[in-house]
>>> print(open('protein01.txt').read())   # compact mmCIF, N, CA, C and O atoms
# COMPACT_ATOMS: atom_id res chain seq x y z
N MET M 1 -56.21 -0.09 -20.44
CA MET M 1 -57.31 0.62 -19.85
C MET M 1 -56.77 1.50 -18.73
O MET M 1 -55.92 1.09 -17.96
N ARG M 2 -57.31 2.72 -18.63
CA ARG M 2 -56.85 3.68 -17.65
C ARG M 2 -57.97 3.92 -16.63
O ARG M 2 -59.11 4.18 -17.00
N ILE M 3 -57.64 3.84 -15.36
CA ILE M 3 -58.61 4.07 -14.29
C ILE M 3 -58.23 5.34 -13.57
O ILE M 3 -57.07 5.53 -13.20
N THR M 4 -59.21 6.22 -13.41
CA THR M 4 -58.95 7.46 -12.67
C THR M 4 -59.86 7.50 -11.45
O THR M 4 -60.93 6.93 -11.44
N THR M 5 -59.42 8.19 -10.44
CA THR M 5 -60.24 8.38 -9.25
C THR M 5 -60.41 9.87 -9.01
O THR M 5 -59.60 10.68 -9.46
N THR M 6 -61.45 10.21 -8.30
CA THR M 6 -61.71 11.60 -7.99
C THR M 6 -62.25 11.72 -6.59
O THR M 6 -62.87 10.80 -6.07
N THR M 7 -62.02 12.85 -5.95
CA THR M 7 -62.58 13.09 -4.62
C THR M 7 -63.78 14.02 -4.70
O THR M 7 -64.36 14.37 -3.70
N ARG M 8 -64.18 14.38 -5.90
CA ARG M 8 -65.35 15.24 -6.06
C ARG M 8 -66.61 14.43 -5.80
O ARG M 8 -66.66 13.24 -6.07
N PRO M 9 -67.68 15.07 -5.31
CA PRO M 9 -68.94 14.36 -5.07
C PRO M 9 -69.50 13.78 -6.35
O PRO M 9 -69.30 14.32 -7.43
N HIS M 10 -70.21 12.68 -6.20
CA HIS M 10 -70.88 12.06 -7.34
C HIS M 10 -72.03 12.96 -7.79
O HIS M 10 -72.61 13.68 -6.99
N ALA M 11 -72.36 12.89 -9.05
CA ALA M 11 -73.51 13.64 -9.54
C ALA M 11 -74.74 13.17 -8.77
O ALA M 11 -74.95 11.98 -8.58
N GLY M 12 -75.54 14.08 -8.32
CA GLY M 12 -76.75 13.74 -7.59
C GLY M 12 -76.53 13.52 -6.11
O GLY M 12 -77.44 13.17 -5.40
N ALA M 13 -75.29 13.73 -5.60
CA ALA M 13 -75.05 13.57 -4.17
C ALA M 13 -75.82 14.65 -3.41
O ALA M 13 -76.25 15.64 -3.99
N TRP M 14 -75.98 14.44 -2.11
CA TRP M 14 -76.70 15.40 -1.30
C TRP M 14 -76.00 16.76 -1.32
O TRP M 14 -74.78 16.82 -1.38
N PRO M 15 -76.76 17.84 -1.26
CA PRO M 15 -76.11 19.17 -1.18
C PRO M 15 -75.41 19.31 0.16
O PRO M 15 -75.68 18.55 1.10
N GLU M 16 -74.54 20.28 0.26
CA GLU M 16 -73.87 20.54 1.53
C GLU M 16 -74.90 21.12 2.50
O GLU M 16 -75.58 22.10 2.20
N LEU M 17 -75.04 20.46 3.65
CA LEU M 17 -76.05 20.86 4.63
C LEU M 17 -75.40 20.96 6.01
O LEU M 17 -74.50 20.19 6.33
N PRO M 18 -75.87 21.90 6.84
CA PRO M 18 -75.32 22.00 8.20
C PRO M 18 -75.88 20.89 9.10
O PRO M 18 -77.02 20.45 8.93
N LEU M 19 -75.06 20.44 10.06
CA LEU M 19 -75.54 19.47 11.04
C LEU M 19 -76.75 20.02 11.78
O LEU M 19 -76.87 21.23 11.98
N HIS M 20 -77.64 19.15 12.16
CA HIS M 20 -78.85 19.46 12.91
C HIS M 20 -79.89 20.22 12.08
O HIS M 20 -80.88 20.70 12.62
N GLN M 21 -79.67 20.30 10.77
CA GLN M 21 -80.65 20.91 9.86
C GLN M 21 -81.88 20.01 9.81
O GLN M 21 -81.75 18.79 9.68
N GLU M 22 -83.07 20.57 9.91
CA GLU M 22 -84.29 19.79 9.77
C GLU M 22 -84.46 19.40 8.30
O GLU M 22 -84.27 20.24 7.41
N LEU M 23 -84.78 18.13 8.06
CA LEU M 23 -84.92 17.62 6.70
C LEU M 23 -86.19 16.80 6.55
O LEU M 23 -86.65 16.16 7.49
N VAL M 24 -86.73 16.82 5.33
CA VAL M 24 -87.80 15.92 4.95
C VAL M 24 -87.38 15.32 3.62
O VAL M 24 -87.15 16.04 2.65
N LEU M 25 -87.24 13.98 3.59
CA LEU M 25 -86.92 13.27 2.37
C LEU M 25 -88.15 12.51 1.91
O LEU M 25 -88.93 12.05 2.73
N GLN M 26 -88.31 12.38 0.60
CA GLN M 26 -89.45 11.66 0.06
C GLN M 26 -88.99 10.81 -1.11
O GLN M 26 -88.04 11.17 -1.81
N ASP M 27 -89.67 9.68 -1.32
CA ASP M 27 -89.37 8.86 -2.50
C ASP M 27 -90.57 8.83 -3.43
O ASP M 27 -91.62 9.43 -3.15
N ALA M 28 -90.45 8.15 -4.56
CA ALA M 28 -91.49 8.14 -5.59
C ALA M 28 -92.79 7.49 -5.12
O ALA M 28 -93.86 7.77 -5.65
N ARG M 29 -92.72 6.63 -4.11
CA ARG M 29 -93.93 5.98 -3.58
C ARG M 29 -94.64 6.83 -2.54
O ARG M 29 -95.68 6.45 -2.02
N GLY M 30 -94.03 7.97 -2.18
CA GLY M 30 -94.63 8.85 -1.18
C GLY M 30 -94.13 8.61 0.23
O GLY M 30 -94.60 9.24 1.17
N ASN M 31 -93.20 7.67 0.41
CA ASN M 31 -92.61 7.44 1.73
C ASN M 31 -91.80 8.67 2.13
O ASN M 31 -91.10 9.25 1.30
N ARG M 32 -91.90 9.05 3.39
CA ARG M 32 -91.19 10.23 3.87
C ARG M 32 -90.30 9.87 5.05
O ARG M 32 -90.67 9.04 5.87
N ILE M 33 -89.15 10.52 5.13
CA ILE M 33 -88.25 10.43 6.26
C ILE M 33 -88.13 11.84 6.81
O ILE M 33 -87.73 12.76 6.09
N VAL M 34 -88.49 12.01 8.07
CA VAL M 34 -88.52 13.34 8.68
C VAL M 34 -87.59 13.32 9.90
O VAL M 34 -87.67 12.42 10.73
N GLY M 35 -86.72 14.32 9.98
CA GLY M 35 -85.82 14.41 11.13
C GLY M 35 -84.79 15.49 10.94
O GLY M 35 -85.00 16.45 10.19
N THR M 36 -83.66 15.34 11.63
CA THR M 36 -82.57 16.31 11.54
C THR M 36 -81.30 15.61 11.09
O THR M 36 -81.08 14.44 11.39
N LEU M 37 -80.47 16.34 10.37
CA LEU M 37 -79.21 15.80 9.87
C LEU M 37 -78.28 15.53 11.05
O LEU M 37 -77.96 16.44 11.81
N ASP M 38 -77.83 14.28 11.17
CA ASP M 38 -76.97 13.89 12.27
C ASP M 38 -75.53 13.65 11.82
O ASP M 38 -74.62 13.63 12.63
N GLY M 39 -75.32 13.50 10.51
CA GLY M 39 -73.98 13.30 9.98
C GLY M 39 -74.03 13.07 8.48
O GLY M 39 -75.07 12.72 7.93
N MET M 40 -72.88 13.29 7.84
CA MET M 40 -72.80 13.12 6.39
C MET M 40 -71.38 12.71 6.05
O MET M 40 -70.42 13.20 6.66
N THR M 41 -71.24 11.81 5.07
CA THR M 41 -69.90 11.43 4.63
C THR M 41 -69.25 12.59 3.90
O THR M 41 -69.93 13.49 3.40
N GLU M 42 -67.93 12.58 3.84
CA GLU M 42 -67.18 13.67 3.23
C GLU M 42 -67.56 13.89 1.76
O GLU M 42 -67.60 15.02 1.29
N ASP M 43 -67.87 12.81 1.04
CA ASP M 43 -68.24 12.95 -0.37
C ASP M 43 -69.73 13.27 -0.56
O ASP M 43 -70.21 13.37 -1.68
N ARG M 44 -70.46 13.44 0.55
CA ARG M 44 -71.89 13.79 0.55
C ARG M 44 -72.77 12.74 -0.10
O ARG M 44 -73.91 13.02 -0.47
N SER M 45 -72.31 11.51 -0.22
CA SER M 45 -73.11 10.45 -0.83
C SER M 45 -74.09 9.82 0.16
O SER M 45 -75.11 9.26 -0.23
N THR M 46 -73.79 9.92 1.46
CA THR M 46 -74.56 9.23 2.48
C THR M 46 -74.78 10.16 3.66
O THR M 46 -73.88 10.90 4.04
N LEU M 47 -75.98 10.10 4.23
CA LEU M 47 -76.24 10.92 5.41
C LEU M 47 -76.98 10.11 6.46
O LEU M 47 -77.63 9.11 6.16
N TRP M 48 -76.84 10.54 7.70
CA TRP M 48 -77.57 9.99 8.83
C TRP M 48 -78.63 10.99 9.22
O TRP M 48 -78.35 12.18 9.38
N ILE M 49 -79.85 10.52 9.41
CA ILE M 49 -80.94 11.38 9.88
C ILE M 49 -81.40 10.87 11.24
O ILE M 49 -81.71 9.68 11.40
N GLN M 50 -81.43 11.79 12.22
CA GLN M 50 -82.03 11.49 13.52
C GLN M 50 -83.52 11.69 13.33
O GLN M 50 -83.99 12.79 13.07
N LEU M 51 -84.27 10.59 13.36
CA LEU M 51 -85.69 10.62 13.04
C LEU M 51 -86.50 11.36 14.11
O LEU M 51 -86.21 11.26 15.30
N SER M 52 -87.51 12.07 13.66
CA SER M 52 -88.42 12.77 14.58
C SER M 52 -89.18 11.76 15.43
O SER M 52 -89.39 10.62 15.01
N GLY M 53 -89.59 12.18 16.60
CA GLY M 53 -90.39 11.33 17.46
C GLY M 53 -89.61 10.27 18.21
O GLY M 53 -90.19 9.30 18.70
N GLY M 54 -88.28 10.43 18.28
CA GLY M 54 -87.47 9.47 19.03
C GLY M 54 -87.38 8.10 18.39
O GLY M 54 -87.19 7.10 19.08
N LEU M 55 -87.48 8.05 17.07
CA LEU M 55 -87.48 6.76 16.36
C LEU M 55 -86.10 6.28 15.95
O LEU M 55 -85.98 5.36 15.15
N GLY M 56 -85.03 6.90 16.47
CA GLY M 56 -83.68 6.46 16.16
C GLY M 56 -83.08 7.19 14.98
O GLY M 56 -83.49 8.30 14.63
N ARG M 57 -82.08 6.55 14.37
CA ARG M 57 -81.37 7.14 13.22
C ARG M 57 -81.58 6.28 11.99
O ARG M 57 -81.79 5.08 12.10
N GLN M 58 -81.48 6.91 10.84
CA GLN M 58 -81.57 6.18 9.58
C GLN M 58 -80.47 6.64 8.64
O GLN M 58 -80.22 7.84 8.50
N LEU M 59 -79.81 5.68 8.01
CA LEU M 59 -78.77 5.94 7.02
C LEU M 59 -79.41 5.99 5.65
O LEU M 59 -80.19 5.10 5.30
N VAL M 60 -79.12 7.04 4.87
CA VAL M 60 -79.71 7.19 3.54
C VAL M 60 -78.61 7.52 2.54
O VAL M 60 -77.88 8.51 2.72
N HIS M 61 -78.49 6.70 1.51
CA HIS M 61 -77.53 6.95 0.43
C HIS M 61 -78.24 7.75 -0.66
O HIS M 61 -79.45 7.62 -0.85
N HIS M 62 -77.49 8.56 -1.40
CA HIS M 62 -78.14 9.42 -2.40
C HIS M 62 -78.76 8.62 -3.55
O HIS M 62 -79.60 9.15 -4.28
N LEU M 63 -78.42 7.34 -3.70
CA LEU M 63 -79.03 6.51 -4.74
C LEU M 63 -80.19 5.67 -4.21
O LEU M 63 -80.73 4.84 -4.94
N ASP M 64 -80.62 5.89 -2.96
CA ASP M 64 -81.72 5.13 -2.38
C ASP M 64 -83.09 5.56 -2.91
O ASP M 64 -84.10 4.96 -2.55
N GLY M 65 -83.14 6.60 -3.72
CA GLY M 65 -84.41 7.01 -4.32
C GLY M 65 -85.12 8.12 -3.58
O GLY M 65 -86.27 8.43 -3.89
N TYR M 66 -84.48 8.73 -2.60
CA TYR M 66 -85.08 9.84 -1.86
C TYR M 66 -84.54 11.17 -2.36
O TYR M 66 -83.42 11.24 -2.85
N TRP M 67 -85.34 12.19 -2.22
CA TRP M 67 -84.90 13.56 -2.52
C TRP M 67 -85.40 14.47 -1.42
O TRP M 67 -86.32 14.13 -0.68
N LEU M 68 -84.75 15.61 -1.28
CA LEU M 68 -85.18 16.61 -0.29
C LEU M 68 -86.46 17.26 -0.76
O LEU M 68 -86.55 17.71 -1.90
N GLU M 69 -87.44 17.32 0.12
CA GLU M 69 -88.66 18.05 -0.21
C GLU M 69 -88.31 19.53 -0.30
O GLU M 69 -87.53 20.03 0.51
N PRO M 70 -88.88 20.25 -1.26
CA PRO M 70 -88.59 21.68 -1.39
C PRO M 70 -88.88 22.42 -0.08
O PRO M 70 -89.89 22.20 0.55
N GLY M 71 -87.92 23.26 0.30
CA GLY M 71 -88.09 24.07 1.50
C GLY M 71 -87.70 23.38 2.79
O GLY M 71 -87.66 24.01 3.82
N SER M 72 -87.40 22.06 2.75
CA SER M 72 -87.11 21.37 4.00
C SER M 72 -85.70 21.65 4.51
O SER M 72 -85.43 21.44 5.67
N ALA M 73 -84.83 22.11 3.64
CA ALA M 73 -83.45 22.36 4.07
C ALA M 73 -83.07 23.82 3.89
O ALA M 73 -81.96 24.15 3.54
N SER M 74 -84.02 24.72 4.10
CA SER M 74 -83.71 26.14 3.91
C SER M 74 -83.35 26.82 5.19
O SER M 74 -83.45 26.32 6.23
>>> encode(input="protein01.txt", output="structure tokens")
Amino acid sequence: MRITTTTRPHAGAWPELPLHQELVLQDARGNRIVGTLDGMTEDRSTLWIQLSGGLGRQLVHHLDGYWLEPGSAS
């Protein structure tokens, strides 16, 4: 068996976004995460969002079921 590794982002990883970009993430149940991008891993699989309203930070992986709401990262 042959195992290969890659440094390319996983399919479905977060798009490349600038720090401090305002974001709105939503999941299938209608839960929303609103804030600004505070950090992202090099492979874009995970991001930190500084939540609006002084609610702290939240770590979100691209497989957690959230997606960017259209227009939130423009």
>>> atom_distance(input="protein01.txt", atom1="CA of Gly39 (chain M)", atom2="CA of Asp27 (chain M)")
20.3 Å
>>> residues_around(input="protein01.txt", residues="Leu23 (chain M)", least_positions_apart="4", cutoff="5 Å", atoms="all atoms listed in the file", output="list in words")
Ile33, Val34, Gly35, Thr36 and Ser72 of chain M
>>> residues_around(input="protein01.txt", residues="region 43-54 of chain M", least_positions_apart="5", cutoff="5 Å", atoms="all atoms listed in the file", output="MDAnalysis selection string")
chainID M and resid 9:10 13:14 34:38 59:62
>>> atom_distance(input="protein01.txt", atom1="CA of Gly65 (chain M)", atom2="CA of Gln26 (chain M)")
8.1 Å
>>> atom_distance(input="protein01.txt", atom1="CA of Pro15 (chain M)", atom2="CA of Gly30 (chain M)")
21.2 Å
>>> axis_aligned_box(input="protein01.txt", around="region 63-73 of chain M", padding_each_side="4 Å", output="AutoDock Vina command-line options")
--center_x -84.2 --center_y 14.5 --center_z 0.4 --size_x 19.5 --size_y 27.3 --size_z 18.6
>>> closest_residue(input="protein01.txt", among="M:Val24, M:Gln58, M:Arg32, M:Met40", to="Pro70 (chain M)", atoms="all atoms listed in the file")
M:Val24
